[in-house]
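Shown next: entry09.txt, given as compact mmCIF, N, CA and C atoms.
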```txt
# COMPACT_ATOMS: atom_id res chain seq x y z
N GLN A 1 -5.85 81.77 21.88
CA GLN A 1 -6.90 80.81 21.61
C GLN A 1 -6.53 79.43 22.14
N VAL A 2 -7.51 78.76 22.64
CA VAL A 2 -7.37 77.37 23.08
C VAL A 2 -8.40 76.54 22.34
N GLN A 3 -7.96 75.46 21.76
CA GLN A 3 -8.88 74.54 21.10
C GLN A 3 -9.07 73.32 22.00
N LEU A 4 -10.31 72.94 22.18
CA LEU A 4 -10.65 71.81 23.04
C LEU A 4 -11.41 70.78 22.23
N VAL A 5 -11.00 69.54 22.35
CA VAL A 5 -11.67 68.45 21.63
C VAL A 5 -12.00 67.34 22.62
N GLU A 6 -13.30 67.10 22.78
CA GLU A 6 -13.75 66.02 23.67
C GLU A 6 -13.84 64.71 22.91
N SER A 7 -13.68 63.63 23.65
CA SER A 7 -13.86 62.30 23.10
C SER A 7 -14.25 61.35 24.23
N GLY A 8 -14.70 60.16 23.84
CA GLY A 8 -15.00 59.14 24.83
C GLY A 8 -16.48 58.94 25.12
N GLY A 9 -17.32 59.77 24.53
CA GLY A 9 -18.74 59.58 24.74
C GLY A 9 -19.24 58.34 24.03
N GLY A 10 -20.49 57.97 24.31
CA GLY A 10 -21.07 56.81 23.66
C GLY A 10 -22.28 56.32 24.41
N LEU A 11 -22.66 55.10 24.09
CA LEU A 11 -23.83 54.45 24.67
C LEU A 11 -23.37 53.47 25.75
N VAL A 12 -23.99 53.55 26.91
CA VAL A 12 -23.62 52.66 28.00
C VAL A 12 -24.88 52.30 28.78
N GLN A 13 -24.90 51.14 29.36
CA GLN A 13 -26.03 50.74 30.19
C GLN A 13 -25.94 51.40 31.56
N ALA A 14 -27.07 51.59 32.18
CA ALA A 14 -27.09 52.12 33.54
C ALA A 14 -26.21 51.25 34.43
N GLY A 15 -25.43 51.90 35.26
CA GLY A 15 -24.49 51.20 36.12
C GLY A 15 -23.11 51.07 35.53
N GLY A 16 -22.99 51.36 34.26
CA GLY A 16 -21.71 51.23 33.57
C GLY A 16 -20.82 52.45 33.74
N SER A 17 -19.71 52.44 33.02
CA SER A 17 -18.71 53.50 33.14
C SER A 17 -18.27 53.99 31.77
N LEU A 18 -17.86 55.25 31.75
CA LEU A 18 -17.23 55.85 30.58
C LEU A 18 -16.14 56.78 31.07
N ARG A 19 -15.13 56.98 30.24
CA ARG A 19 -14.14 57.99 30.53
C ARG A 19 -14.09 58.99 29.38
N LEU A 20 -14.40 60.21 29.70
CA LEU A 20 -14.32 61.28 28.71
C LEU A 20 -12.93 61.92 28.78
N SER A 21 -12.44 62.31 27.61
CA SER A 21 -11.18 63.02 27.52
C SER A 21 -11.40 64.36 26.84
N CYS A 22 -10.58 65.31 27.21
CA CYS A 22 -10.62 66.62 26.57
C CYS A 22 -9.18 67.02 26.30
N ALA A 23 -8.83 67.06 25.03
CA ALA A 23 -7.48 67.43 24.62
C ALA A 23 -7.43 68.90 24.25
N ALA A 24 -6.46 69.61 24.80
CA ALA A 24 -6.32 71.04 24.56
C ALA A 24 -5.10 71.34 23.72
N SER A 25 -5.21 72.37 22.92
CA SER A 25 -4.07 72.82 22.12
C SER A 25 -4.16 74.33 21.95
N GLY A 26 -3.04 74.93 21.65
CA GLY A 26 -3.02 76.34 21.31
C GLY A 26 -2.34 77.24 22.32
N ARG A 27 -2.56 77.04 23.57
CA ARG A 27 -1.94 77.87 24.60
C ARG A 27 -1.41 76.97 25.71
N THR A 28 -0.70 77.54 26.65
CA THR A 28 -0.14 76.76 27.75
C THR A 28 -1.25 76.19 28.61
N PHE A 29 -1.39 74.90 28.57
CA PHE A 29 -2.49 74.22 29.23
C PHE A 29 -2.53 74.48 30.72
N ARG A 30 -1.36 74.55 31.34
CA ARG A 30 -1.34 74.70 32.80
C ARG A 30 -1.77 76.10 33.24
N ASN A 31 -2.04 76.98 32.32
CA ASN A 31 -2.55 78.30 32.66
C ASN A 31 -4.08 78.35 32.69
N TYR A 32 -4.69 77.18 32.60
CA TYR A 32 -6.14 77.14 32.54
C TYR A 32 -6.70 76.14 33.54
N ALA A 33 -7.61 76.64 34.39
CA ALA A 33 -8.45 75.72 35.13
C ALA A 33 -9.46 75.12 34.15
N MET A 34 -9.85 73.91 34.40
CA MET A 34 -10.71 73.20 33.46
C MET A 34 -12.02 72.78 34.12
N GLY A 35 -13.03 72.66 33.30
CA GLY A 35 -14.32 72.23 33.83
C GLY A 35 -15.07 71.39 32.83
N TRP A 36 -16.02 70.65 33.33
CA TRP A 36 -16.95 69.89 32.50
C TRP A 36 -18.37 70.35 32.83
N PHE A 37 -19.13 70.52 31.79
CA PHE A 37 -20.55 70.84 31.90
C PHE A 37 -21.32 69.86 31.04
N ARG A 38 -22.60 69.80 31.26
CA ARG A 38 -23.43 68.92 30.43
C ARG A 38 -24.77 69.57 30.17
N GLN A 39 -25.37 69.16 29.06
CA GLN A 39 -26.70 69.65 28.71
C GLN A 39 -27.59 68.47 28.39
N PRO A 40 -28.46 68.12 29.33
CA PRO A 40 -29.41 67.03 29.07
C PRO A 40 -30.43 67.45 28.01
N PRO A 41 -31.09 66.50 27.39
CA PRO A 41 -32.09 66.83 26.37
C PRO A 41 -33.18 67.74 26.92
N GLY A 42 -33.42 68.84 26.25
CA GLY A 42 -34.48 69.74 26.63
C GLY A 42 -34.20 70.58 27.87
N LYS A 43 -32.98 70.53 28.36
CA LYS A 43 -32.66 71.28 29.58
C LYS A 43 -31.49 72.22 29.34
N GLU A 44 -31.24 73.08 30.31
CA GLU A 44 -30.13 74.00 30.20
C GLU A 44 -28.82 73.30 30.59
N ARG A 45 -27.74 73.92 30.15
CA ARG A 45 -26.43 73.39 30.50
C ARG A 45 -26.20 73.51 32.00
N GLU A 46 -25.55 72.51 32.56
CA GLU A 46 -25.31 72.49 34.00
C GLU A 46 -23.88 72.07 34.31
N PHE A 47 -23.42 72.53 35.44
CA PHE A 47 -22.07 72.23 35.89
C PHE A 47 -21.94 70.77 36.30
N VAL A 48 -20.80 70.17 35.98
CA VAL A 48 -20.52 68.80 36.40
C VAL A 48 -19.33 68.76 37.36
N ALA A 49 -18.18 69.27 36.91
CA ALA A 49 -16.97 69.18 37.73
C ALA A 49 -15.97 70.21 37.24
N ALA A 50 -15.06 70.60 38.14
CA ALA A 50 -14.02 71.56 37.81
C ALA A 50 -12.74 71.19 38.53
N ILE A 51 -11.62 71.61 37.93
CA ILE A 51 -10.32 71.26 38.49
C ILE A 51 -9.37 72.43 38.34
N SER A 52 -8.47 72.59 39.32
CA SER A 52 -7.52 73.69 39.30
C SER A 52 -6.40 73.44 38.29
N VAL A 53 -5.55 74.42 38.10
CA VAL A 53 -4.49 74.32 37.08
C VAL A 53 -3.53 73.17 37.36
N SER A 54 -3.26 72.90 38.61
CA SER A 54 -2.34 71.82 38.95
C SER A 54 -3.03 70.47 39.08
N GLY A 55 -4.33 70.51 39.23
CA GLY A 55 -5.08 69.28 39.49
C GLY A 55 -5.22 68.98 40.98
N GLY A 56 -4.65 69.84 41.81
CA GLY A 56 -4.68 69.58 43.24
C GLY A 56 -6.00 69.86 43.91
N SER A 57 -6.84 70.64 43.26
CA SER A 57 -8.16 70.96 43.82
C SER A 57 -9.22 70.66 42.78
N SER A 58 -10.33 70.11 43.24
CA SER A 58 -11.43 69.81 42.33
C SER A 58 -12.76 69.98 43.07
N TYR A 59 -13.80 70.08 42.29
CA TYR A 59 -15.12 70.36 42.85
C TYR A 59 -16.15 69.70 41.96
N TYR A 60 -17.19 69.13 42.59
CA TYR A 60 -18.17 68.36 41.84
C TYR A 60 -19.59 68.82 42.17
N ALA A 61 -20.44 68.70 41.19
CA ALA A 61 -21.86 68.88 41.44
C ALA A 61 -22.34 67.76 42.35
N ASP A 62 -23.31 68.06 43.18
CA ASP A 62 -23.82 67.06 44.12
C ASP A 62 -24.34 65.82 43.39
N SER A 63 -24.87 66.03 42.21
CA SER A 63 -25.48 64.93 41.46
C SER A 63 -24.47 63.89 40.99
N VAL A 64 -23.19 64.26 40.93
CA VAL A 64 -22.18 63.33 40.43
C VAL A 64 -21.13 62.99 41.48
N LYS A 65 -21.18 63.65 42.61
CA LYS A 65 -20.17 63.44 43.65
C LYS A 65 -20.15 61.98 44.08
N GLY A 66 -18.95 61.43 44.15
CA GLY A 66 -18.79 60.04 44.52
C GLY A 66 -18.86 59.07 43.36
N ARG A 67 -19.32 59.55 42.21
CA ARG A 67 -19.42 58.69 41.02
C ARG A 67 -18.47 59.12 39.92
N PHE A 68 -18.24 60.42 39.82
CA PHE A 68 -17.38 60.97 38.77
C PHE A 68 -16.06 61.44 39.39
N THR A 69 -14.99 61.30 38.62
CA THR A 69 -13.68 61.79 39.05
C THR A 69 -13.04 62.56 37.92
N LEU A 70 -12.63 63.78 38.24
CA LEU A 70 -11.98 64.63 37.24
C LEU A 70 -10.49 64.68 37.53
N SER A 71 -9.69 64.52 36.49
CA SER A 71 -8.24 64.59 36.65
C SER A 71 -7.65 65.27 35.42
N ARG A 72 -6.40 65.64 35.52
CA ARG A 72 -5.74 66.25 34.38
C ARG A 72 -4.29 65.80 34.33
N ASP A 73 -3.79 65.76 33.10
CA ASP A 73 -2.39 65.44 32.84
C ASP A 73 -1.81 66.61 32.07
N ASN A 74 -1.11 67.49 32.76
CA ASN A 74 -0.59 68.69 32.11
C ASN A 74 0.49 68.38 31.08
N ALA A 75 1.16 67.26 31.23
CA ALA A 75 2.16 66.86 30.24
C ALA A 75 1.51 66.46 28.92
N LYS A 76 0.28 66.00 28.99
CA LYS A 76 -0.45 65.58 27.79
C LYS A 76 -1.51 66.58 27.38
N ASN A 77 -1.61 67.69 28.10
CA ASN A 77 -2.61 68.71 27.77
C ASN A 77 -4.02 68.13 27.71
N THR A 78 -4.34 67.29 28.67
CA THR A 78 -5.60 66.56 28.62
C THR A 78 -6.24 66.50 30.01
N VAL A 79 -7.56 66.63 30.04
CA VAL A 79 -8.32 66.36 31.25
C VAL A 79 -9.20 65.15 31.00
N TYR A 80 -9.47 64.42 32.09
CA TYR A 80 -10.24 63.19 32.00
C TYR A 80 -11.40 63.26 33.00
N LEU A 81 -12.54 62.81 32.55
CA LEU A 81 -13.69 62.70 33.43
C LEU A 81 -14.09 61.23 33.47
N GLN A 82 -13.75 60.58 34.56
CA GLN A 82 -14.12 59.18 34.75
C GLN A 82 -15.52 59.15 35.35
N MET A 83 -16.43 58.50 34.66
CA MET A 83 -17.82 58.45 35.09
C MET A 83 -18.20 57.01 35.40
N ASN A 84 -18.50 56.74 36.64
CA ASN A 84 -18.88 55.41 37.08
C ASN A 84 -20.33 55.42 37.56
N SER A 85 -20.89 54.24 37.65
CA SER A 85 -22.27 54.08 38.15
C SER A 85 -23.22 55.03 37.42
N LEU A 86 -23.12 55.03 36.12
CA LEU A 86 -23.92 55.97 35.33
C LEU A 86 -25.41 55.68 35.46
N LYS A 87 -26.17 56.77 35.46
CA LYS A 87 -27.62 56.70 35.59
C LYS A 87 -28.26 57.28 34.34
N PRO A 88 -29.49 56.93 34.06
CA PRO A 88 -30.16 57.53 32.89
C PRO A 88 -30.17 59.05 32.94
N GLU A 89 -30.24 59.62 34.11
CA GLU A 89 -30.26 61.09 34.23
C GLU A 89 -28.91 61.72 33.93
N ASP A 90 -27.86 60.91 33.75
CA ASP A 90 -26.56 61.45 33.34
C ASP A 90 -26.49 61.65 31.83
N GLN A 91 -27.49 61.18 31.12
CA GLN A 91 -27.50 61.30 29.67
C GLN A 91 -27.52 62.77 29.29
N ALA A 92 -26.57 63.17 28.44
CA ALA A 92 -26.44 64.57 28.06
C ALA A 92 -25.31 64.70 27.04
N VAL A 93 -25.21 65.89 26.48
CA VAL A 93 -24.00 66.26 25.75
C VAL A 93 -23.05 66.88 26.77
N TYR A 94 -21.84 66.37 26.81
CA TYR A 94 -20.85 66.82 27.78
C TYR A 94 -19.84 67.73 27.09
N TYR A 95 -19.58 68.86 27.73
CA TYR A 95 -18.66 69.85 27.19
C TYR A 95 -17.52 70.10 28.18
N CYS A 96 -16.31 70.18 27.65
CA CYS A 96 -15.23 70.66 28.51
C CYS A 96 -14.97 72.13 28.20
N ALA A 97 -14.39 72.80 29.17
CA ALA A 97 -14.18 74.24 29.05
C ALA A 97 -12.90 74.63 29.78
N ALA A 98 -12.31 75.74 29.33
CA ALA A 98 -11.05 76.23 29.89
C ALA A 98 -11.22 77.66 30.38
N ALA A 99 -10.73 77.91 31.59
CA ALA A 99 -10.81 79.24 32.20
C ALA A 99 -9.40 79.76 32.48
N PRO A 100 -9.03 80.92 31.91
CA PRO A 100 -7.70 81.48 32.20
C PRO A 100 -7.52 81.67 33.70
N THR A 101 -6.39 81.25 34.22
CA THR A 101 -6.17 81.23 35.66
C THR A 101 -4.72 81.55 35.95
N PRO A 102 -4.43 82.34 36.98
CA PRO A 102 -3.04 82.63 37.33
C PRO A 102 -2.27 81.36 37.65
N PRO A 103 -0.98 81.34 37.33
CA PRO A 103 -0.16 80.15 37.64
C PRO A 103 -0.20 79.85 39.13
N PHE A 104 -0.18 78.59 39.47
CA PHE A 104 -0.11 78.07 40.83
C PHE A 104 -1.39 78.35 41.64
N SER A 105 -2.42 78.86 40.97
CA SER A 105 -3.68 79.10 41.67
C SER A 105 -4.36 77.78 41.99
N SER A 106 -5.03 77.73 43.10
CA SER A 106 -5.81 76.55 43.47
C SER A 106 -7.29 76.72 43.13
N SER A 107 -7.59 77.78 42.38
CA SER A 107 -8.99 78.07 42.06
C SER A 107 -9.57 77.09 41.06
N TYR A 108 -10.85 76.85 41.21
CA TYR A 108 -11.63 76.12 40.22
C TYR A 108 -12.95 76.87 40.08
N TYR A 109 -13.65 76.62 38.98
CA TYR A 109 -14.77 77.49 38.65
C TYR A 109 -16.01 76.68 38.30
N PRO A 110 -17.05 76.74 39.13
CA PRO A 110 -18.29 76.03 38.82
C PRO A 110 -19.27 76.81 37.93
N ARG A 111 -18.94 78.04 37.61
CA ARG A 111 -19.86 78.85 36.81
C ARG A 111 -19.39 78.92 35.36
N SER A 112 -20.31 78.72 34.45
CA SER A 112 -19.94 78.68 33.05
C SER A 112 -19.40 80.01 32.56
N LYS A 113 -19.81 81.11 33.18
CA LYS A 113 -19.37 82.42 32.71
C LYS A 113 -17.88 82.66 32.95
N ASP A 114 -17.25 81.85 33.77
CA ASP A 114 -15.82 82.00 34.03
C ASP A 114 -14.96 81.38 32.94
N TYR A 115 -15.57 80.66 32.03
CA TYR A 115 -14.83 79.93 31.02
C TYR A 115 -14.84 80.67 29.69
N ASP A 116 -13.66 80.76 29.10
CA ASP A 116 -13.53 81.46 27.82
C ASP A 116 -13.58 80.54 26.61
N TYR A 117 -13.24 79.28 26.81
CA TYR A 117 -13.12 78.36 25.68
C TYR A 117 -13.91 77.10 25.95
N TRP A 118 -14.56 76.63 24.90
CA TRP A 118 -15.44 75.47 25.01
C TRP A 118 -15.17 74.50 23.87
N GLY A 119 -15.32 73.22 24.16
CA GLY A 119 -15.27 72.22 23.12
C GLY A 119 -16.62 72.07 22.44
N GLN A 120 -16.66 71.18 21.47
CA GLN A 120 -17.88 70.96 20.69
C GLN A 120 -18.86 70.01 21.36
N GLY A 121 -18.38 69.29 22.34
CA GLY A 121 -19.27 68.39 23.07
C GLY A 121 -19.19 66.95 22.61
N THR A 122 -19.49 66.05 23.51
CA THR A 122 -19.56 64.63 23.19
C THR A 122 -20.80 64.05 23.85
N GLN A 123 -21.52 63.23 23.11
CA GLN A 123 -22.80 62.70 23.58
C GLN A 123 -22.58 61.48 24.48
N VAL A 124 -23.25 61.50 25.61
CA VAL A 124 -23.29 60.34 26.51
C VAL A 124 -24.74 59.89 26.61
N THR A 125 -24.97 58.65 26.25
CA THR A 125 -26.31 58.08 26.29
C THR A 125 -26.31 56.91 27.26
N VAL A 126 -27.22 56.93 28.22
CA VAL A 126 -27.29 55.90 29.24
C VAL A 126 -28.64 55.19 29.12
N SER A 127 -28.60 53.92 28.82
CA SER A 127 -29.83 53.15 28.67
C SER A 127 -30.21 52.50 30.00
N SER A 128 -31.50 52.46 30.24
CA SER A 128 -31.96 51.89 31.52
C SER A 128 -32.31 50.42 31.37
```

Once you've parsed the file, please lay out its structure as structure tokens.
Amino acid sequence: QVQLVESGGGLVQAGGSLRLSCAASGRTFRNYAMGWFRQPPGKEREFVAAISVSGGSSYYADSVKGRFTLSRDNAKNTVYLQMNSLKPEDQAVYYCAAAPTPPFSSSYYPRSKDYDYWGQGTQVTVSS
């Protein structure tokens, strides 16, 4: 089992920034590729960003590319999603997720079905 706890959400004006954190516990963190997804109000959950076990490879949804940066600190068992130039359409509940991955793999996963563990989510509200 892996427990994931997101933090860092809140209210921000359009154009502003937030940094989300996801702290993991329970299993060896470096054995999991990590991802962030979001669910806007009234919509389905969608992919945001994913990162490999080492952090050397990452992948972003087109809607956030160039504005969001995903990183991880394996020593702290934490992934970070730096969100800049936020737009009202970024408003959503943001979830981090963990996907079991072979050691030293450069894989990352944009599909939610690849993830076994999910956090409870953190709300991001962007005012226009």

Counting all atoms listed in the file, figure out which residue out of A:Leu18, A:Ala98, A:Val48, A:Ala33 gets nearest to Gln82 in chain A.
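Smallest distance to Gln82 in chain A is found for A:Leu18.
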
From A:Ser85, A:Ala99, A:Gln91, A:Gly15, residue lying nearest Val126 in chain A [only C-alpha atoms]:
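The answer is A:Gln91, which sits nearest to Val126 in chain A.
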
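Nearest residue to Pro102 in chain A, choosing from A:Ser52, A:Ser58, A:Ser63, A:Asn31 and counting all atoms listed in the file: A:Asn31.
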
Can you tell me how far atom N of Trp36 in chain A sits from atom N of Ser127 in chain A, in Å to one decimal?
21.4 Å

Please report, as a ChimeraX atom specification, each residue of range 52-128 of chain A to which DSSP assigns strand (DSSP E or B) when run on this structure's backbone.
/A:58-60,68-73,78-83,92-100,117-118,122-127

Box for range 76-91 of chain A: with edges along x, y and z, all listed atoms inside and 5 Å added on each side, what are the centre and edge lengths in Å to one decimal, as JSON?
```
{"center_x": -15.0, "center_y": 61.4, "center_z": 32.8, "size_x": 40.5, "size_y": 24.6, "size_z": 20.8}
```

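For the pair CA of Ser71 in chain A and CA of Lys43 in chain A, the separation is 26.3 Å.
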